[in-house]
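> Structure file target_0.cif, mmCIF, C-alpha atoms, is pasted below:
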data_protein
#
loop_
_atom_site.label_atom_id
_atom_site.label_comp_id
_atom_site.auth_asym_id
_atom_site.auth_seq_id
_atom_site.Cartn_x
_atom_site.Cartn_y
_atom_site.Cartn_z
CA MET A 1433 -16.03 -39.74 40.24
CA ARG A 1434 -13.40 -37.98 42.32
CA PRO A 1435 -11.64 -41.23 43.43
CA LEU A 1436 -11.68 -42.48 39.82
CA VAL A 1437 -10.12 -39.26 38.56
CA ARG A 1438 -7.48 -39.45 41.29
CA THR A 1439 -6.65 -43.05 40.30
CA LEU A 1440 -6.40 -42.17 36.61
CA LYS A 1441 -4.15 -39.28 37.53
CA HIS A 1442 -1.77 -41.57 39.43
CA VAL A 1443 -1.76 -44.16 36.64
CA THR A 1444 -1.09 -41.48 34.02
CA LEU A 1445 1.73 -40.08 36.13
CA ALA A 1446 3.24 -43.56 36.60
CA VAL A 1447 3.07 -44.28 32.87
CA ALA A 1448 4.60 -40.90 32.10
CA LEU A 1449 7.46 -41.56 34.53
CA ILE A 1450 8.11 -45.00 33.00
CA VAL A 1451 8.11 -43.58 29.47
CA ALA A 1452 10.39 -40.76 30.58
CA GLY A 1453 12.74 -43.28 32.20
CA LEU A 1454 12.86 -45.37 29.02
CA CYS A 1455 13.53 -42.27 26.94
CA VAL A 1456 16.33 -41.16 29.25
CA THR A 1457 17.85 -44.67 29.12
CA GLU A 1458 17.65 -44.75 25.32
CA VAL A 1459 19.27 -41.32 25.08
CA GLY A 1460 21.97 -42.43 27.52
CA LEU A 1461 22.71 -45.56 25.46
CA ARG A 1462 22.91 -43.53 22.27
CA LEU A 1463 25.24 -40.99 23.88
CA HIS A 1464 27.43 -43.84 25.18
CA HIS A 1465 27.39 -45.36 21.71
CA LEU A 1466 28.34 -42.02 20.17
CA GLN A 1467 31.10 -41.48 22.73
CA GLY A 1468 32.49 -44.92 21.96
CA MET A 1469 32.47 -44.16 18.24
CA LEU A 1470 34.22 -40.81 18.77
CA LYS A 1471 36.86 -42.44 20.94
CA GLY A 1472 37.19 -45.32 18.51
CA GLY A 1473 36.21 -47.88 21.13
CA LEU A 1474 33.66 -50.65 21.00
CA ALA A 1475 30.16 -49.20 21.11
CA ALA A 1476 28.91 -51.42 23.92
CA PRO A 1477 29.82 -54.83 25.34
CA ALA A 1478 26.52 -56.26 24.12
CA CYS A 1479 27.35 -55.38 20.52
CA GLY A 1480 30.49 -57.51 20.52
CA LEU A 1481 33.08 -57.51 17.76
CA SER A 1482 31.24 -59.30 14.96
CA ARG A 1483 28.65 -58.19 12.44
CA PRO A 1484 26.01 -60.37 10.71
CA CYS A 1485 26.96 -61.78 7.32
CA SER A 1486 24.78 -63.55 4.76
CA ILE A 1487 27.66 -65.76 3.53
CA THR A 1488 29.87 -66.64 6.52
CA TYR A 1489 27.30 -65.99 9.25
CA GLN A 1490 29.37 -63.23 10.83
CA GLN A 1491 32.36 -61.03 10.11
CA LEU A 1492 34.43 -58.30 11.67
CA PRO A 1493 33.82 -54.66 10.73
CA PHE A 1494 35.93 -53.32 7.87
CA GLY A 1495 38.54 -50.66 8.61
CA TYR A 1496 37.71 -50.53 12.31
CA ARG A 1497 40.09 -49.08 14.88
CA GLY A 1498 39.44 -48.68 18.58
CA THR A 1499 40.03 -49.97 22.08
CA HIS A 1500 38.06 -52.15 24.44
CA ARG A 1501 38.54 -53.35 27.96
CA SER A 1502 39.73 -56.93 28.30
CA ARG A 1503 37.26 -59.11 30.17
CA GLU A 1504 40.18 -61.01 31.67
CA THR A 1505 42.75 -58.44 32.74
CA GLY A 1506 40.71 -55.24 32.76
CA THR A 1507 43.36 -53.52 30.62
CA GLU A 1508 42.60 -51.52 27.50
CA ILE A 1509 43.29 -53.53 24.34
CA GLU A 1510 43.82 -51.72 21.05
CA PHE A 1511 41.89 -53.58 18.38
CA TRP A 1512 41.80 -52.76 14.70
CA THR A 1513 40.82 -54.41 11.45
CA ASN A 1514 42.04 -53.72 7.94
CA SER A 1515 40.01 -53.03 4.81
CA LEU A 1516 39.42 -56.79 4.41
CA GLY A 1517 37.81 -57.10 7.84
CA LEU A 1518 40.77 -59.00 9.31
CA ARG A 1519 42.61 -58.16 12.50
CA GLY A 1520 45.98 -56.58 11.92
CA PRO A 1521 47.71 -54.42 9.31
CA GLU A 1522 46.65 -54.05 5.71
CA VAL A 1523 47.22 -57.01 3.40
CA SER A 1524 48.41 -56.26 -0.14
CA VAL A 1525 46.20 -57.73 -2.87
CA PRO A 1526 47.52 -59.05 -5.15
CA LYS A 1527 50.34 -60.52 -3.12
CA PRO A 1528 53.72 -58.86 -3.80
CA ALA A 1529 56.28 -60.98 -5.63
CA GLY A 1530 58.65 -62.87 -3.37
CA HIS A 1531 56.36 -62.72 -0.32
CA TYR A 1532 55.43 -65.89 1.54
CA ARG A 1533 51.92 -65.57 2.94
CA VAL A 1534 50.44 -67.68 5.72
CA VAL A 1535 46.71 -67.43 6.53
CA CYS A 1536 45.55 -68.64 9.94
CA LEU A 1537 41.88 -69.67 9.93
CA GLY A 1538 40.20 -70.11 13.30
CA ASP A 1539 37.86 -68.76 15.93
CA ASP A 1540 38.28 -66.55 19.00
CA ALA A 1541 41.37 -68.50 20.05
CA THR A 1542 43.06 -67.32 16.84
CA LEU A 1543 41.54 -63.84 16.83
CA ALA A 1544 42.52 -63.39 20.52
CA PRO A 1545 40.52 -60.18 21.13
CA ASP A 1546 41.72 -59.96 24.76
CA ILE A 1547 45.40 -60.10 23.74
CA ALA A 1548 47.39 -57.26 22.16
CA ASP A 1549 47.92 -57.82 18.43
CA ASP A 1550 51.72 -57.98 18.64
CA ALA A 1551 51.42 -60.63 21.39
CA THR A 1552 49.22 -63.07 19.43
CA PHE A 1553 50.76 -66.24 18.02
CA CYS A 1554 49.86 -65.10 14.48
CA ARG A 1555 51.98 -61.97 14.77
CA MET A 1556 54.90 -63.72 16.52
CA LEU A 1557 54.85 -66.50 13.93
CA GLU A 1558 56.12 -64.02 11.33
CA THR A 1559 59.35 -63.44 13.26
CA ILE A 1560 59.87 -67.15 13.92
CA LEU A 1561 59.37 -68.19 10.28
CA GLN A 1562 61.36 -65.34 8.71
CA PRO A 1563 64.82 -67.01 9.02
CA GLY A 1564 63.62 -69.84 6.76
CA PHE A 1565 62.77 -67.54 3.84
CA ASP A 1566 64.62 -65.21 1.54
CA GLY A 1567 61.67 -62.87 1.07
CA PRO A 1568 59.26 -61.28 3.57
CA VAL A 1569 56.90 -63.53 5.53
CA GLU A 1570 53.33 -62.42 6.17
CA VAL A 1571 51.00 -64.14 8.63
CA VAL A 1572 47.36 -63.08 8.24
CA ASN A 1573 45.10 -63.44 11.25
CA ALA A 1574 41.78 -64.65 9.77
CA GLY A 1575 40.29 -65.61 13.13
CA MET A 1576 36.57 -64.89 13.47
CA PRO A 1577 34.42 -65.01 16.62
CA GLY A 1578 32.64 -68.34 17.07
CA HIS A 1579 33.94 -69.87 13.84
CA CYS A 1580 34.31 -73.63 13.27
CA PRO A 1581 35.55 -75.63 10.25
CA LEU A 1582 32.16 -75.22 8.52
CA LEU A 1583 32.26 -71.42 8.86
CA ASN A 1584 35.98 -71.42 7.99
CA LEU A 1585 35.08 -73.21 4.75
CA ALA A 1586 32.38 -70.66 3.96
CA TRP A 1587 34.84 -67.84 4.64
CA ALA A 1588 37.58 -69.51 2.58
CA ARG A 1589 35.31 -69.93 -0.44
CA ALA A 1590 34.41 -66.23 -0.29
CA ARG A 1591 37.70 -64.58 0.69
CA LEU A 1592 40.72 -66.90 0.68
CA MET A 1593 41.50 -66.95 -3.05
CA GLY A 1594 42.05 -63.18 -3.13
CA LEU A 1595 44.71 -63.45 -0.41
CA GLN A 1596 46.80 -65.88 -2.53
CA PRO A 1597 48.15 -67.83 0.47
CA ASP A 1598 51.13 -70.16 0.26
CA LEU A 1599 50.19 -71.93 3.49
CA VAL A 1600 46.85 -72.16 5.29
CA ILE A 1601 46.82 -73.13 8.96
CA LEU A 1602 43.41 -74.29 10.14
CA CYS A 1603 43.38 -73.64 13.88
CA CYS A 1604 40.91 -75.93 15.66
CA ASP A 1605 39.79 -76.41 19.25
CA VAL A 1606 37.20 -78.50 21.07
CA SER A 1607 34.60 -75.69 21.04
CA ASP A 1608 34.26 -76.28 17.28
CA VAL A 1609 31.92 -79.20 17.93
CA GLU A 1610 29.36 -77.04 19.70
CA ASP A 1611 29.80 -74.17 17.23
CA ASP A 1612 29.12 -76.56 14.33
CA ARG A 1613 25.95 -77.85 16.00
CA ARG A 1614 24.66 -74.31 16.36
CA CYS A 1615 25.41 -72.97 12.89
CA ARG A 1616 24.84 -76.03 10.66
CA PRO A 1617 21.03 -75.59 10.50
CA LEU A 1618 21.68 -72.25 8.78
CA ALA A 1619 24.01 -73.73 6.14
CA LYS A 1620 22.92 -73.98 2.51
CA PHE A 1621 24.32 -76.60 0.14
CA ASP A 1622 23.98 -77.17 -3.59
CA SER A 1623 22.65 -80.36 -5.16
CA SER A 1624 26.12 -81.91 -5.01
CA GLY A 1625 26.52 -81.26 -1.29
CA ASN A 1626 28.94 -78.34 -1.68
CA LEU A 1627 28.59 -75.57 0.87
CA LEU A 1628 27.19 -72.35 -0.54
CA CYS A 1629 26.86 -70.16 2.53
CA VAL A 1630 25.87 -69.99 6.19
CA GLU A 1631 23.30 -67.21 6.28
CA ASN A 1632 22.80 -65.14 9.39
CA PRO A 1633 19.10 -64.25 9.74
CA SER A 1634 20.11 -60.83 11.10
CA ALA A 1635 22.00 -60.03 7.90
CA LYS A 1636 18.80 -59.64 5.90
CA GLU A 1637 18.20 -56.09 4.70
CA ARG A 1638 14.67 -55.76 6.03
CA PRO A 1639 13.32 -57.37 9.20
CA LYS A 1640 10.25 -59.51 8.62
CA ASP A 1641 8.79 -59.14 12.10
CA TRP A 1642 7.85 -56.21 14.29
CA VAL A 1643 10.20 -57.19 17.14
CA SER A 1644 13.25 -57.23 14.88
CA ALA A 1645 12.27 -53.87 13.44
CA VAL A 1646 12.02 -52.33 16.93
CA GLU A 1647 15.39 -53.85 17.95
CA GLY A 1648 16.93 -52.34 14.85
CA GLU A 1649 15.76 -48.85 15.79
CA PHE A 1650 16.20 -48.73 19.57
CA LEU A 1651 19.39 -49.62 21.43
CA LEU A 1652 17.47 -50.32 24.63
CA ALA A 1653 15.24 -52.86 22.87
CA ARG A 1654 18.30 -54.45 21.27
CA LEU A 1655 20.09 -54.69 24.62
CA VAL A 1656 17.05 -56.24 26.33
CA GLY A 1657 16.48 -58.62 23.41
CA GLU A 1658 20.07 -59.84 23.37
CA ASN A 1659 20.23 -60.45 27.12
CA LEU A 1660 16.74 -61.97 27.28
CA GLY A 1661 17.48 -64.13 24.26
CA LYS A 1662 20.59 -65.56 25.91
CA GLN A 1663 18.48 -66.85 28.78
CA ILE A 1664 15.50 -68.08 26.75
CA VAL A 1665 17.52 -69.62 23.89
CA PRO A 1666 20.93 -70.55 25.31
CA ASP A 1667 21.77 -72.59 22.20
CA ALA A 1668 21.24 -69.73 19.75
CA VAL A 1669 23.97 -69.28 17.17
CA GLY A 1670 26.60 -66.68 17.87
CA GLY A 1671 27.40 -66.86 21.57
CA SER A 1672 29.68 -64.33 23.18
CA VAL A 1673 33.42 -64.35 22.74
CA SER A 1674 33.95 -65.53 26.30
CA ASP A 1675 31.39 -68.34 25.86
CA SER A 1676 33.08 -69.75 22.77
CA LEU A 1677 36.47 -69.56 24.45
CA SER A 1678 35.27 -71.32 27.57
CA PRO A 1679 37.16 -74.56 28.20
CA SER A 1680 33.85 -76.31 28.84
CA ALA A 1681 31.91 -74.78 25.96
CA GLY A 1682 29.70 -77.51 24.53
CA ILE A 1683 31.53 -80.18 26.54
CA ALA A 1684 29.99 -82.30 29.23
CA GLU A 1685 32.74 -84.03 31.14
CA ASN A 1686 30.59 -87.03 32.07
CA ALA A 1687 28.85 -87.43 28.71
CA ALA A 1688 29.97 -89.58 25.81
CA PRO A 1689 30.46 -87.64 22.58
CA ASP A 1690 27.96 -88.05 19.79
CA ALA A 1691 30.17 -89.72 17.18
CA ALA A 1692 28.04 -88.56 14.24
CA LEU A 1693 28.01 -84.97 15.50
CA VAL A 1694 31.76 -84.94 16.09
CA GLN A 1695 32.54 -86.49 12.71
CA GLN A 1696 30.26 -83.93 11.10
CA THR A 1697 32.30 -81.15 12.73
CA TRP A 1698 35.53 -82.22 11.06
CA GLU A 1699 34.03 -83.14 7.67
CA PRO A 1700 34.79 -79.70 6.16
CA LEU A 1701 38.53 -80.44 6.44
CA ALA A 1702 38.41 -82.38 3.16
CA ALA A 1703 36.66 -79.51 1.35
CA ILE A 1704 39.08 -76.94 2.81
CA GLN A 1705 42.01 -79.06 1.66
CA SER A 1706 40.53 -79.38 -1.83
CA PHE A 1707 40.01 -75.62 -2.02
CA CYS A 1708 43.59 -74.99 -0.86
CA ARG A 1709 44.88 -77.23 -3.65
CA GLN A 1710 42.91 -75.20 -6.17
CA THR A 1711 44.61 -72.05 -4.89
CA SER A 1712 48.08 -73.70 -4.87
CA ALA A 1713 48.25 -73.48 -1.08
CA GLU A 1714 49.20 -76.12 1.44
CA LEU A 1715 47.04 -76.94 4.46
CA VAL A 1716 48.10 -77.73 8.02
CA VAL A 1717 45.77 -78.37 10.96
CA ALA A 1718 46.85 -77.06 14.36
CA VAL A 1719 45.02 -77.58 17.66
CA VAL A 1720 45.16 -74.36 19.66
CA PRO A 1721 45.82 -75.52 23.26
CA SER A 1722 43.33 -74.55 25.93
CA ALA A 1723 43.06 -75.33 29.62
CA ALA A 1724 40.67 -78.16 28.69
CA THR A 1725 42.98 -79.83 26.14
CA VAL A 1726 45.98 -79.56 28.46
CA ARG A 1727 44.03 -81.15 31.32
CA SER A 1728 42.94 -83.86 28.91
CA ALA A 1729 46.54 -84.49 27.81
CA SER A 1730 47.66 -84.79 31.44
CA ALA A 1731 44.75 -87.08 32.34
CA MET A 1732 45.34 -89.28 29.31
CA GLU A 1733 49.01 -89.59 30.19
CA ALA A 1734 48.10 -90.66 33.74
CA ALA A 1735 45.10 -92.89 32.98
CA GLY A 1736 46.15 -94.23 29.59
CA ALA A 1737 42.71 -93.60 28.12
CA PRO A 1738 41.14 -90.50 26.56
CA ASP A 1739 38.50 -88.48 28.40
CA ARG A 1740 35.66 -86.54 26.77
CA VAL A 1741 37.96 -83.84 25.36
CA GLY A 1742 40.50 -86.46 24.29
CA GLU A 1743 37.86 -88.34 22.32
CA LEU A 1744 36.86 -85.17 20.51
CA LEU A 1745 40.47 -84.61 19.47
CA LEU A 1746 40.86 -88.26 18.48
CA HIS A 1747 38.13 -87.78 15.89
CA LEU A 1748 40.06 -84.78 14.57
CA VAL A 1749 43.27 -86.80 14.41
CA ASP A 1750 41.46 -89.58 12.55
CA ARG A 1751 39.96 -87.16 10.04
CA ALA A 1752 43.29 -85.41 9.44
CA ASN A 1753 45.04 -88.74 8.90
CA ARG A 1754 42.38 -89.94 6.49
CA GLU A 1755 42.67 -86.75 4.46
CA ARG A 1756 46.49 -86.81 4.71
CA ILE A 1757 46.57 -83.38 6.32
CA PRO A 1758 49.53 -82.71 8.65
CA MET A 1759 48.35 -81.97 12.16
CA LEU A 1760 50.02 -80.43 15.19
CA ASP A 1761 48.73 -80.70 18.76
CA ALA A 1762 50.89 -78.81 21.24
CA SER A 1763 48.74 -79.63 24.28
CA PRO A 1764 51.12 -82.33 25.65
CA GLU A 1765 54.02 -79.87 25.46
CA PHE A 1766 51.91 -77.31 27.31
CA ALA A 1767 51.06 -79.92 29.95
CA HIS A 1768 54.77 -80.41 30.74
CA HIS A 1769 55.63 -76.72 30.79
CA GLU A 1770 57.06 -75.51 34.09
CA GLU A 1771 54.83 -72.40 34.10
CA ARG A 1772 51.66 -74.16 33.05
CA SER A 1773 49.39 -72.05 35.26
CA ARG A 1774 50.51 -68.88 33.46
CA LEU A 1775 49.82 -70.18 29.97
CA PHE A 1776 46.07 -69.55 30.13
CA LEU A 1777 43.68 -66.81 31.12
CA GLN A 1778 41.93 -67.66 34.35
CA SER A 1779 38.22 -67.36 33.55
CA SER A 1780 38.07 -68.40 29.88
CA GLY A 1781 40.91 -70.93 29.73
CA ALA A 1782 42.19 -69.29 26.51
CA LEU A 1783 45.86 -68.70 25.79
CA SER A 1784 47.52 -65.92 27.74
CA THR A 1785 50.30 -63.76 26.32
CA LEU A 1786 52.83 -66.34 27.51
CA GLY A 1787 50.69 -69.12 26.02
CA HIS A 1788 50.58 -67.38 22.64
CA ARG A 1789 54.35 -67.03 22.72
CA LEU A 1790 54.86 -70.72 23.49
CA PHE A 1791 52.35 -71.88 20.86
CA ALA A 1792 53.93 -69.64 18.22
CA ASP A 1793 57.34 -71.08 19.09
CA ILE A 1794 56.16 -74.70 18.88
CA LEU A 1795 54.22 -74.19 15.66
CA GLY A 1796 56.90 -72.05 14.02
CA GLN A 1797 59.73 -74.43 14.84
CA ALA A 1798 57.66 -77.39 13.62
CA LEU A 1799 57.06 -75.67 10.30
CA LEU A 1800 60.72 -74.71 9.92
CA ALA A 1801 61.83 -78.24 10.80
CA ARG A 1802 60.10 -79.54 7.69
CA GLU A 1803 62.73 -77.91 5.53
CA HIS A 1804 65.66 -77.47 7.90
CA PRO A 1805 65.54 -80.40 10.36
CA GLN A 1806 69.20 -79.99 11.34
CA SER A 1807 69.02 -76.32 12.26
CA ALA A 1808 65.51 -76.17 13.75
CA ARG A 1809 65.59 -76.24 17.52
CA GLN A 1810 62.99 -77.89 19.72
CA ALA A 1811 60.76 -75.40 21.51
CA VAL A 1812 59.78 -77.95 24.18
CA PRO A 1813 61.67 -81.20 24.83
CA VAL A 1814 59.65 -84.24 23.87
CA SER A 1815 60.40 -87.93 23.93
CA ASP A 1816 62.04 -89.51 20.90
CA GLU A 1817 60.26 -92.77 21.62
CA ARG A 1818 57.16 -93.33 19.53
CA PRO A 1819 54.34 -95.08 21.42
CA ALA A 1820 53.34 -98.36 19.84
CA ASP A 1821 49.63 -97.73 20.19
CA PRO A 1822 48.81 -94.11 21.03
CA VAL A 1823 45.48 -93.65 22.77
CA GLY A 1824 45.06 -89.93 22.19
CA PRO A 1825 45.99 -87.02 19.98
CA VAL A 1826 49.53 -87.55 18.74
CA PRO A 1827 51.79 -84.54 19.52
CA LEU A 1828 53.80 -83.85 16.39
CA ARG A 1829 57.30 -82.66 17.09
CA SER A 1830 57.72 -81.52 13.52
CA LEU A 1831 55.86 -81.38 10.25
CA GLU A 1832 58.74 -82.95 8.34
CA ARG A 1833 58.83 -83.16 4.58
CA ARG A 1834 61.40 -84.64 2.24
CA PRO A 1835 63.78 -82.12 0.61
CA ARG A 1836 63.28 -81.46 -3.08
CA ASN A 1837 65.71 -80.19 -5.65
CA ASP A 1838 63.11 -78.15 -7.53
CA GLN A 1839 62.11 -76.02 -4.53
CA PRO A 1840 61.98 -72.34 -5.57
CA ALA A 1841 64.24 -69.93 -3.73
CA GLY A 1842 62.58 -68.00 -0.95
CA HIS A 1843 59.63 -70.40 -0.66
CA PRO A 1844 60.97 -73.54 1.02
CA LEU A 1845 57.51 -74.64 2.15
CA ARG A 1846 55.76 -74.46 -1.20
CA ASN A 1847 55.80 -76.55 -4.37
CA SER A 1848 57.35 -75.05 -7.44
CA PRO A 1849 54.95 -74.40 -10.33
CA GLY A 1850 54.44 -77.32 -12.64
CA ASP A 1851 56.23 -79.87 -10.50
CA GLY A 1852 53.75 -82.47 -11.68
CA HIS A 1853 52.80 -84.02 -8.35
CA ARG A 1854 51.03 -83.22 -5.17
CA SER A 1855 52.70 -81.60 -2.17
CA PRO A 1856 54.31 -84.06 0.27
CA LEU A 1857 52.22 -82.37 2.94
CA ALA A 1858 49.20 -84.19 1.58
CA SER A 1859 50.92 -87.52 0.88
CA PRO A 1860 51.04 -90.54 3.19
CA GLU A 1861 54.83 -90.73 3.46
CA PRO A 1862 55.50 -87.92 5.97
CA PHE A 1863 53.18 -89.50 8.50
CA ASP A 1864 55.75 -92.28 9.02
CA ASP A 1865 58.04 -89.69 10.64
CA PHE A 1866 55.45 -87.95 12.77
CA GLU A 1867 55.71 -88.26 16.51
#
Just give me the structure of the file as structure tokens.

Amino acid sequence: MRPLVRTLKHVTLAVALIVAGLCVTEVGLRLHHLQGMLKGGLAAPACGLSRPCSITYQQLPFGYRGTHRSRETGTEIEFWTNSLGLRGPEVSVPKPAGHYRVVCLGDDATLAPDIADDATFCRMLETILQPGFDGPVEVVNAGMPGHCPLLNLAWARARLMGLQPDLVILCCDVSDVEDDRRCRPLAKFDSSGNLLCVENPSAKERPKDWVSAVEGEFLLARLVGENLGKQIVPDAVGGSVSDSLSPSAGIAENAAPDAALVQQTWEPLAAIQSFCRQTSAELVVAVVPSAATVRSASAMEAAGAPDRVGELLLHLVDRANRERIPMLDASPEFAHHEERSRLFLQSSGALSTLGHRLFADILGQALLAREHPQSARQAVPVSDERPADPVGPVPLRSLERRPRNDQPAGHPLRNSPGDGHRSPLASPEPFDDFE
């Protein structure tokens, strides 16, 4: 009996030490979480920036203000959201009279969590567009982590109308294909095929299983579950910010794209355009350049044929043309920039501060050139020769539109009320001038 008692004593002591260790770890995580809340910083890297949502899958916290350390540069980035859960300053609702409001829909490339707010292309776009308007210009950053056109549509149906935008810029990138594949199984549609919501299982009020209940109560269990889940289910919806910004996210360089899957990714463009018309807003599609799209543009220029990334963008170009939605791809201009290596962050391939500045300049000047083609300067020199048979995404030097006599003062990019016809942005004619 004595050896048995000695063994039980050692086992009991070992179990007690393990339990004590887990308790100390849990207390440490909660103290770290509390310290982060008191300092206004992010609670923990594993928690990320987004919160589960039953309508748009995920959303940013409302009225949040804090700092976090950039995964790229290691510097402290001040990050805050307004009362609408959008990055940046408060947005007046209803929109003040005389204001021209631009809403930029997109994912992490638009949100740019590792870039200071005043250095993002959304914020710089305000300054660039202001000379073309009599009243104040507002650019709202509606970027959400891991979003794609399907999630952008769900967000637009729930939130966009209240913002009363004059112009909506749908910012796309090649990671949208993989994001769509991950979130589409969670989408709910009505009998007519209209999107109702994309429900995040974690957004339910009460967990239905014991594991979820434990993860909801203990930070240590949540941390282990999140990290273990990433390895067991790598295709789970809602990857990390760095994953969705990766230039190779969802892209196999040697694999042919699934045409049906790619076409499915860009299908929501038609519904987003229809919703924008209902809200009297115009829609423009802009490809946010990444290291992958710039490499693709360079390779296509050298080889004369699109690679994997180029084919993904070709499907986007085709969809935008079919829906008569103006589209801008600045990747070729980025490919010819003299400081190309400084335009992107090294590990993720996302836009750097310099890249945001260049993209804002190209996009802003293209938008201004629609109304003031004589005075708008070219951000990056491009050829005036139009290729007879382009084999890749067509870089648009400007989003030109024909001048109209009934254009209201202070809003040169918007139709006047009751003009009786659709915006030239959505008509076939301007595409004859696109380059």
> For the file shown, report as a list in words the outcome of the PyMOL selection byres ((chain A and resi 1697) around 8) at residue level.
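Here the PyMOL selection byres ((chain A and resi 1697) around 8) matches Cys1580, Pro1581, Leu1582, Asp1608, Val1609, Asp1612, Arg1613, Leu1693, Val1694, Gln1695, Gln1696, Trp1698, Glu1699 and Pro1700 of chain A.
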> Restricting the calculation to all atoms listed in the file: of A:Ile1757, A:Ala1691, A:Ile1601, A:Met1433, which residue gets closest to Val1571 of chain A?
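Comparing A:Ile1757, A:Ala1691, A:Ile1601, A:Met1433 against Val1571 of chain A, the winner is A:Ile1601.
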> Smallest atom-to-atom distance to Ala1586 of chain A: which of A:Leu1618, A:Val1719, A:Val1534, A:Ala1731, using all atoms listed in the file?
A:Leu1618
> What would the selection look like, as an NGL selection string, if the PyMOL selection byres ((chain A and resi 1748) around 12) were run on the coordinates I just shared?
:A and (1581 or 1602-1606 or 1608-1609 or 1691 or 1694-1702 or 1717-1719 or 1741-1747 or 1749-1761 or 1824-1826)
> Using the chain letters and numbers from the file, which residues does the PyMOL selection byres ((chain A and resi 1788-1797) around 7) grab, as number ranges by chain?
A: 1551-1553, 1556-1557, 1560-1561, 1783-1787, 1798-1801, 1808-1811
> Just to confirm, what's the straight-line distance from atom CA of Leu1655 of chain A to atom CA of Asn1632 of chain A in Å (one decimal)?
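Atom CA of Asn1632 of chain A lies 18.7 Å from atom CA of Leu1655 of chain A.
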> Counting only C-alpha atoms, note down every residue that has an atom within 12 Å of the point (41.9, -78.7, 27.7) (file coordinates), as a PyMOL selection string.
chain A and resi 1605-1607+1677-1681+1683+1685+1719-1732+1738-1745+1761-1764+1766-1767+1775-1776+1780-1783
> What does the distance from atom CA of Gln1778 of chain A to atom CA of Val1656 of chain A come to in Å, to one decimal?
28.5 Å
> In Å to one decimal, how far is atom CA of Phe1621 of chain A from atom CA of Asp1690 of chain A?
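Distance between the two atoms: 23.0 Å.
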> Using all atoms listed in the file for the distances, tell me which of A:Ser1486, A:Glu1771, A:Leu1481, A:Arg1438 is nearest to Ala1635 of chain A.
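Residue with the minimum atom-to-atom distance to Ala1635 of chain A: A:Ser1486.
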> Name the closest residue to Asn1584 of chain A among the candidates A:Pro1521, A:Gly1538, A:Pro1484, A:Gly1736; distances are taken between atoms, counting only C-alpha atoms.
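For Asn1584 of chain A, the nearest of the given residues is A:Gly1538.
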> Using all atoms listed in the file, which residues sit within 8 Å of Gly1495 of chain A once same-chain residues fewer than 5 positions away are excluded, as a ChimeraX atom specification?
/A:1512-1517
> Near Ile1509 of chain A, within 9 Å and counting all atoms listed in the file, which residues show up once chain neighbours fewer than 5 positions away are dropped, as a PDB file with C-alpha atoms, in the coordinates of the input?

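Final output, saved to result.pdb:
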ATOM      1  CA  GLY A1498      39.440 -48.680  18.580  1.00  0.00           C
ATOM      2  CA  THR A1499      40.030 -49.970  22.080  1.00  0.00           C
ATOM      3  CA  HIS A1500      38.060 -52.150  24.440  1.00  0.00           C
ATOM      4  CA  ARG A1501      38.540 -53.350  27.960  1.00  0.00           C
ATOM      5  CA  SER A1502      39.730 -56.930  28.300  1.00  0.00           C
ATOM      6  CA  PRO A1545      40.520 -60.180  21.130  1.00  0.00           C
ATOM      7  CA  ASP A1546      41.720 -59.960  24.760  1.00  0.00           C
ATOM      8  CA  ILE A1547      45.400 -60.100  23.740  1.00  0.00           C
ATOM      9  CA  ALA A1548      47.390 -57.260  22.160  1.00  0.00           C
ATOM     10  CA  ASP A1549      47.920 -57.820  18.430  1.00  0.00           C
TER      11      ASP A1549
END
> Give as a ChimeraX atom specification the set of residues within 7 Å of the point (51.2, -72.2, -0.9), where distances use the file's coordinates and all atoms listed in the file.
/A:1597-1599,1712-1714,1846
> Between A:Leu1518, A:Cys1536, A:Val1451, A:Ala1619, which has the minimum distance to Tyr1489 of chain A (counting all atoms listed in the file)?
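For Tyr1489 of chain A, the nearest of the candidates is A:Ala1619.
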> So which residues touch Thr1488 of chain A within 10 Å, counting only C-alpha atoms, skipping near sequence neighbours fewer than 3 positions away, as a list in words?
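So the residues in contact are Pro1484, Cys1485, Gln1491, Met1576, His1579, Leu1582, Leu1583, Asn1584, Leu1585, Ala1586, Trp1587, Ala1588, Arg1589, Ala1590, Arg1591, Ala1619, Leu1628, Cys1629, Val1630, Glu1631 and Asn1632 of chain A.
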> Could you check which of A:Leu1652, A:Gly1575, A:Glu1522, A:Pro1568 is closest to Arg1462 of chain A, using only C-alpha atoms?
A:Leu1652
